[in-house]
Amino acid sequence: MPKYVDLHNHILPAIDDGPSTMVEAVLLARAFVNAGFDTVVATPHTSDGHPTPEIIQSRLRELQSKLDYLSIPLKILPGAEQQIEPDILERLQKGEILTLNNTRYFLLELPFFQQLPQYTEELIFTLVANGYRPVIPHPERVSELQKDYNLLYRLHRAGAIYQVTWGALTGLLGNPARETALAMLTANLAHLFSTDAHSADTELLQLDEPVAFYEEQKGLFSAEAMLSTRPRQLLADQILDLPAPKASAAGSKGKIPFLSRLRRTIGH
């Protein structure tokens with residue numbers, strides 16, 4: 001059975017809202033291994049240049065050394081969850097923002113509750129035009145995207161890739177997040193999945209139910225692509241073969257007609 005890869009989590013100690021100590025980070029690493037993972041990309045929150053890539057890399061080396069000493073079979077690769085800011089392109093070009101394992105792909109975090117910056121769509125287009133591929137983590141939790149599914153299509157047409165949290169499929173992150181995640185799954189806009197795990201005792205690492213649900217919707221063994229094949233392609237900086245999005249019959253807001261069709265599809 002192939003081992004899993006996680007592209008979004010907060011495993012590094014004392015750097016953001018993940019583990020506060022090395023002991024807690026080791027416990028989370030053990031939890032990842034027990035859940036079937038052999039590789040994770042550490043993606044601490046970054047904004048305004050903090051923490052720096054040097055700090056992230058240093059903390060990563062410390063944790064990897066500790067895991068190797070304890071014979072915990074988990075490989076940690078560098079990354080960051082970068083908050084959206086207008087000067088991201090310049091900072092990426094200067095090496096001031098970590099991409100996922102030094103590839104063209106990087107996590108671009110959108111605000112959960114505030115309006116999206118007016119420059120969001122143009123920024124994504126510009127980033128792609130300059131050789132980068134922004135991956136938007138937990139889009140199902142972004143209120144602006146929950147309200148307007150047409151915006152999901154627009155940002156994807158500009159070049160964004162979406163990374164849905166596994167737990168959202170089963171309601172772990174609330175009903176609005178679940179509805180949006182299911183809509184994205186139906187529309188072929190759920191391109192990647194991740195745990196977004198912050199601690200060892202999180203339910204986000206309980207994958208059996210969301211993986212079973214995914215395979216019920218997409219077919220038996222289809223989750224392997226999301227757990228292993230596609231993330232490994234990304235980490236190798238390969239171009240991802242993503243399915244074409246299904247056209248939305250939504251109106252101006254993009255919410256009610258699309259969701260009604262989704263509920264008919266999944267029997268809700």
# chains A, B, ... in the order shown; residues from 1 in each chain; ligands from 1
>>> closest_atom_pairs(of="range 129-207 of chain A", to="range 7-20 of chain A", cutoff="6 Å", atoms="only C-alpha atoms", output="CSV")
residue,atom,partner,partner_atom,distance
A:Ser194,CA,A:His8,CA,5.6
A:Asp196,CA,A:Asn9,CA,4.3
A:Ala197,CA,A:Asn9,CA,4.9
A:His198,CA,A:Gly18,CA,4.6
>>> residues_around(residues="range 49-56 of chain A", least_positions_apart="2", cutoff="8 Å", atoms="only C-alpha atoms", output="mmCIF file with C-alpha atoms, in the first residue's frame")
data_model
loop_
_atom_site.group_PDB
_atom_site.id
_atom_site.type_symbol
_atom_site.label_atom_id
_atom_site.label_comp_id
_atom_site.auth_asym_id
_atom_site.auth_seq_id
_atom_site.Cartn_x
_atom_site.Cartn_y
_atom_site.Cartn_z
ATOM 1 C CA ILE A 15 6.643 28.885 15.037
ATOM 2 C CA PRO A 44 3.716 27.458 8.837
ATOM 3 C CA THR A 46 3.818 33.473 6.980
ATOM 4 C CA SER A 47 3.042 37.136 6.383
ATOM 5 C CA SER A 58 16.277 25.842 10.740
ATOM 6 C CA ARG A 59 13.245 24.655 12.695
ATOM 7 C CA LEU A 60 12.620 21.970 10.087
ATOM 8 C CA PRO A 78 9.941 22.868 3.406
ATOM 9 C CA GLU A 96 11.781 35.505 0.608
ATOM 10 C CA ILE A 97 8.805 33.097 0.471
ATOM 11 C CA LEU A 98 9.136 29.324 0.533
#
>>> closest_residue(among="A:Asp241, A:Asp68, A:Asp208, A:Asp6", to="Leu100 in chain A", atoms="only C-alpha atoms")
A:Asp6
>>> residues_around(residues="Asp201 in chain A", least_positions_apart="4", cutoff="12 Å", atoms="only C-alpha atoms", output="PDB file with N, CA and C atoms, in the first residue's frame")
ATOM      1  N   GLY A  18       0.761  25.886  15.531  1.00  0.00           N
ATOM      2  CA  GLY A  18       0.930  24.448  15.624  1.00  0.00           C
ATOM      3  C   GLY A  18       1.509  24.058  16.973  1.00  0.00           C
ATOM      4  N   PRO A  19       2.297  22.985  17.055  1.00  0.00           N
ATOM      5  CA  PRO A  19       2.876  22.551  18.327  1.00  0.00           C
ATOM      6  C   PRO A  19       3.709  23.656  18.967  1.00  0.00           C
ATOM      7  N   GLU A  24       5.589  18.133  21.486  1.00  0.00           N
ATOM      8  CA  GLU A  24       4.294  18.122  20.807  1.00  0.00           C
ATOM      9  C   GLU A  24       4.463  17.885  19.313  1.00  0.00           C
ATOM     10  N   ALA A  25       5.517  18.435  18.733  1.00  0.00           N
ATOM     11  CA  ALA A  25       5.774  18.223  17.309  1.00  0.00           C
ATOM     12  C   ALA A  25       6.076  16.757  17.018  1.00  0.00           C
ATOM     13  N   LEU A  27       4.983  14.229  18.753  1.00  0.00           N
ATOM     14  CA  LEU A  27       3.707  13.515  18.881  1.00  0.00           C
ATOM     15  C   LEU A  27       2.879  13.647  17.608  1.00  0.00           C
ATOM     16  N   LEU A  28       2.884  14.831  17.021  1.00  0.00           N
ATOM     17  CA  LEU A  28       2.162  15.019  15.762  1.00  0.00           C
ATOM     18  C   LEU A  28       2.801  14.200  14.645  1.00  0.00           C
ATOM     19  N   ALA A  29       4.121  14.135  14.626  1.00  0.00           N
ATOM     20  CA  ALA A  29       4.806  13.313  13.621  1.00  0.00           C
ATOM     21  C   ALA A  29       4.411  11.847  13.758  1.00  0.00           C
ATOM     22  N   ARG A  30       4.360  11.360  14.974  1.00  0.00           N
ATOM     23  CA  ARG A  30       3.927   9.965  15.200  1.00  0.00           C
ATOM     24  C   ARG A  30       2.485   9.766  14.720  1.00  0.00           C
ATOM     25  N   ALA A  31       1.645  10.753  14.956  1.00  0.00           N
ATOM     26  CA  ALA A  31       0.255  10.658  14.521  1.00  0.00           C
ATOM     27  C   ALA A  31       0.162  10.606  13.000  1.00  0.00           C
ATOM     28  N   PHE A  32       1.002  11.369  12.316  1.00  0.00           N
ATOM     29  CA  PHE A  32       1.034  11.313  10.856  1.00  0.00           C
ATOM     30  C   PHE A  32       1.427   9.917  10.378  1.00  0.00           C
ATOM     31  N   ALA A  35      -1.279   7.501  10.776  1.00  0.00           N
ATOM     32  CA  ALA A  35      -2.363   7.732   9.818  1.00  0.00           C
ATOM     33  C   ALA A  35      -1.991   7.294   8.408  1.00  0.00           C
ATOM     34  N   ALA A 197      -3.366  19.658   9.671  1.00  0.00           N
ATOM     35  CA  ALA A 197      -3.239  19.230  11.067  1.00  0.00           C
ATOM     36  C   ALA A 197      -2.343  20.188  11.850  1.00  0.00           C
ATOM     37  N   LEU A 205      -6.771  14.190  11.301  1.00  0.00           N
ATOM     38  CA  LEU A 205      -5.961  13.063  10.853  1.00  0.00           C
ATOM     39  C   LEU A 205      -6.750  11.755  10.802  1.00  0.00           C
ATOM     40  N   GLN A 206      -8.019  11.805  11.112  1.00  0.00           N
ATOM     41  CA  GLN A 206      -8.875  10.629  11.004  1.00  0.00           C
ATOM     42  C   GLN A 206      -9.449  10.604   9.592  1.00  0.00           C
TER      43      GLN A 206
END
>>> closest_residue(among="A:Val23, A:Ala160, A:Tyr214, A:Phe193", to="Thr229 in chain A", atoms="only C-alpha atoms")
A:Phe193
>>> residues_around(residues="range 138-148 of chain A", least_positions_apart="4", cutoff="7 Å", atoms="only C-alpha atoms", output="VMD selection string")
chain A and resid 110 to 113 115 152 162 to 165 176 to 177 180 to 181 253 to 255
>>> select_by_dssp(residues="range 78-253 of chain A", states="strand (DSSP E or B)", output="JSON, numbers by chain")
{"A": [78, 81, 82, 83, 105, 106, 107, 108, 109, 133, 134, 135, 136, 137, 161, 162, 163, 164, 165, 192, 193, 194, 197]}
>>> closest_residue(among="A:Lys3, A:Tyr119, A:Leu207, A:Leu107", to="Lys75 in chain A", atoms="only C-alpha atoms")
A:Lys3
>>> residues_around(residues="range 71-73 of chain A", least_positions_apart="5", cutoff="10 Å", atoms="only C-alpha atoms", output="PyMOL selection string")
chain A and resi 26+29-30+32-33+37-39+64-66
>>> residues_around(residues="Asn188 in chain A", least_positions_apart="3", cutoff="12 Å", atoms="only C-alpha atoms", output="list in words")
Leu152, Tyr153, His156, Ile161, Tyr162, Gln163, Val164, Ala181, Leu182, Ala183, Met184, Leu185, His191, Leu192, Gln217, Lys218, Leu242, Pro243, Ala244, Pro245, Lys246, Ala247 and Ser248 of chain A
>>> write_last_selection(atoms="N, CA and C atoms", output="PDB file, in the first residue's frame")
ATOM      1  N   LEU A 152     -15.066  30.968  -7.440  1.00  0.00           N
ATOM      2  CA  LEU A 152     -14.185  29.799  -7.506  1.00  0.00           C
ATOM      3  C   LEU A 152     -13.729  29.539  -8.940  1.00  0.00           C
ATOM      4  N   TYR A 153     -14.668  29.621  -9.871  1.00  0.00           N
ATOM      5  CA  TYR A 153     -14.332  29.419 -11.276  1.00  0.00           C
ATOM      6  C   TYR A 153     -13.386  30.509 -11.779  1.00  0.00           C
ATOM      7  N   HIS A 156      -9.878  30.074 -10.505  1.00  0.00           N
ATOM      8  CA  HIS A 156      -9.254  28.920 -11.158  1.00  0.00           C
ATOM      9  C   HIS A 156      -8.870  29.262 -12.598  1.00  0.00           C
ATOM     10  N   ILE A 161      -5.007  26.779  -8.090  1.00  0.00           N
ATOM     11  CA  ILE A 161      -5.343  25.388  -7.799  1.00  0.00           C
ATOM     12  C   ILE A 161      -5.929  25.366  -6.391  1.00  0.00           C
ATOM     13  N   TYR A 162      -6.918  24.497  -6.164  1.00  0.00           N
ATOM     14  CA  TYR A 162      -7.574  24.457  -4.856  1.00  0.00           C
ATOM     15  C   TYR A 162      -7.184  23.203  -4.071  1.00  0.00           C
ATOM     16  N   GLN A 163      -6.917  23.417  -2.799  1.00  0.00           N
ATOM     17  CA  GLN A 163      -6.559  22.328  -1.886  1.00  0.00           C
ATOM     18  C   GLN A 163      -7.601  22.287  -0.763  1.00  0.00           C
ATOM     19  N   VAL A 164      -8.447  21.286  -0.801  1.00  0.00           N
ATOM     20  CA  VAL A 164      -9.541  21.140   0.159  1.00  0.00           C
ATOM     21  C   VAL A 164      -9.065  20.341   1.369  1.00  0.00           C
ATOM     22  N   ALA A 181     -17.186  22.396  -0.020  1.00  0.00           N
ATOM     23  CA  ALA A 181     -16.284  21.310  -0.417  1.00  0.00           C
ATOM     24  C   ALA A 181     -16.984  20.319  -1.338  1.00  0.00           C
ATOM     25  N   LEU A 182     -18.234  19.986  -1.052  1.00  0.00           N
ATOM     26  CA  LEU A 182     -18.976  19.055  -1.898  1.00  0.00           C
ATOM     27  C   LEU A 182     -19.254  19.664  -3.266  1.00  0.00           C
ATOM     28  N   ALA A 183     -19.573  20.954  -3.281  1.00  0.00           N
ATOM     29  CA  ALA A 183     -19.788  21.625  -4.560  1.00  0.00           C
ATOM     30  C   ALA A 183     -18.516  21.601  -5.399  1.00  0.00           C
ATOM     31  N   MET A 184     -17.382  21.845  -4.770  1.00  0.00           N
ATOM     32  CA  MET A 184     -16.111  21.828  -5.476  1.00  0.00           C
ATOM     33  C   MET A 184     -15.794  20.432  -5.983  1.00  0.00           C
ATOM     34  N   LEU A 185     -16.101  19.417  -5.186  1.00  0.00           N
ATOM     35  CA  LEU A 185     -15.858  18.033  -5.590  1.00  0.00           C
ATOM     36  C   LEU A 185     -16.681  17.697  -6.826  1.00  0.00           C
ATOM     37  N   HIS A 191      -8.813  20.035  -6.353  1.00  0.00           N
ATOM     38  CA  HIS A 191      -7.653  19.517  -7.074  1.00  0.00           C
ATOM     39  C   HIS A 191      -6.688  18.740  -6.188  1.00  0.00           C
ATOM     40  N   LEU A 192      -6.581  19.163  -4.933  1.00  0.00           N
ATOM     41  CA  LEU A 192      -5.698  18.536  -3.960  1.00  0.00           C
ATOM     42  C   LEU A 192      -6.436  18.470  -2.622  1.00  0.00           C
ATOM     43  N   GLN A 217     -17.913   9.079  -4.121  1.00  0.00           N
ATOM     44  CA  GLN A 217     -18.270  10.060  -5.135  1.00  0.00           C
ATOM     45  C   GLN A 217     -17.456   9.896  -6.422  1.00  0.00           C
ATOM     46  N   LYS A 218     -16.183   9.552  -6.301  1.00  0.00           N
ATOM     47  CA  LYS A 218     -15.281   9.560  -7.448  1.00  0.00           C
ATOM     48  C   LYS A 218     -14.849   8.172  -7.928  1.00  0.00           C
ATOM     49  N   LEU A 242      -4.950  18.108 -14.398  1.00  0.00           N
ATOM     50  CA  LEU A 242      -6.177  18.358 -13.656  1.00  0.00           C
ATOM     51  C   LEU A 242      -7.389  18.209 -14.569  1.00  0.00           C
ATOM     52  N   PRO A 243      -8.480  17.651 -14.062  1.00  0.00           N
ATOM     53  CA  PRO A 243      -9.686  17.526 -14.888  1.00  0.00           C
ATOM     54  C   PRO A 243     -10.288  18.892 -15.173  1.00  0.00           C
ATOM     55  N   ALA A 244     -10.946  19.018 -16.301  1.00  0.00           N
ATOM     56  CA  ALA A 244     -11.613  20.275 -16.632  1.00  0.00           C
ATOM     57  C   ALA A 244     -12.778  20.493 -15.685  1.00  0.00           C
ATOM     58  N   PRO A 245     -12.962  21.714 -15.212  1.00  0.00           N
ATOM     59  CA  PRO A 245     -14.102  21.978 -14.331  1.00  0.00           C
ATOM     60  C   PRO A 245     -15.412  21.799 -15.074  1.00  0.00           C
ATOM     61  N   LYS A 246     -16.396  21.280 -14.360  1.00  0.00           N
ATOM     62  CA  LYS A 246     -17.726  21.166 -14.948  1.00  0.00           C
ATOM     63  C   LYS A 246     -18.402  22.528 -14.924  1.00  0.00           C
ATOM     64  N   ALA A 247     -19.062  22.868 -16.016  1.00  0.00           N
ATOM     65  CA  ALA A 247     -19.692  24.181 -16.135  1.00  0.00           C
ATOM     66  C   ALA A 247     -20.793  24.333 -15.099  1.00  0.00           C
ATOM     67  N   SER A 248     -20.871  25.538 -14.546  1.00  0.00           N
ATOM     68  CA  SER A 248     -21.905  25.845 -13.564  1.00  0.00           C
ATOM     69  C   SER A 248     -23.110  26.442 -14.251  1.00  0.00           C
TER      70      SER A 248
END
>>> closest_residue(among="A:Arg178, A:Leu77, A:Ala158, A:Arg91", to="Thr103 in chain A", atoms="only C-alpha atoms")
A:Leu77
>>> residues_around(residues="Glu209 in chain A", least_positions_apart="6", cutoff="12 Å", atoms="only C-alpha atoms", output="number ranges by chain")
A: 166-172, 203, 215-216, 223
>>> write_last_selection(atoms="C-alpha atoms", output="PDB file, in the first residue's frame")
ATOM      1  CA  TRP A 166     -10.177  16.240   4.098  1.00  0.00           C
ATOM      2  CA  GLY A 167     -12.245  16.875   7.214  1.00  0.00           C
ATOM      3  CA  ALA A 168     -14.481  19.345   5.390  1.00  0.00           C
ATOM      4  CA  LEU A 169     -16.055  16.510   3.393  1.00  0.00           C
ATOM      5  CA  THR A 170     -17.676  15.046   6.494  1.00  0.00           C
ATOM      6  CA  GLY A 171     -18.698  18.247   8.247  1.00  0.00           C
ATOM      7  CA  LEU A 172     -15.791  18.484  10.655  1.00  0.00           C
ATOM      8  CA  GLU A 203      -9.669  14.780  14.263  1.00  0.00           C
ATOM      9  CA  GLU A 215     -14.258   7.238  -3.181  1.00  0.00           C
ATOM     10  CA  GLU A 216     -18.038   6.908  -3.018  1.00  0.00           C
ATOM     11  CA  ALA A 223      -8.385   8.699  -3.247  1.00  0.00           C
TER      12      ALA A 223
END
>>> atom_distance(atom1="CA of Thr202 in chain A", atom2="CA of Met226 in chain A")
20.2 Å
>>> closest_residue(among="A:Ile239, A:Gln93, A:Asn102, A:Leu67", to="Val41 in chain A", atoms="only C-alpha atoms")
A:Asn102
>>> atom_distance(atom1="CA of His45 in chain A", atom2="CA of Leu189 in chain A")
23.8 Å
>>> atom_distance(atom1="CA of Glu122 in chain A", atom2="CA of Gln238 in chain A")
24.1 Å
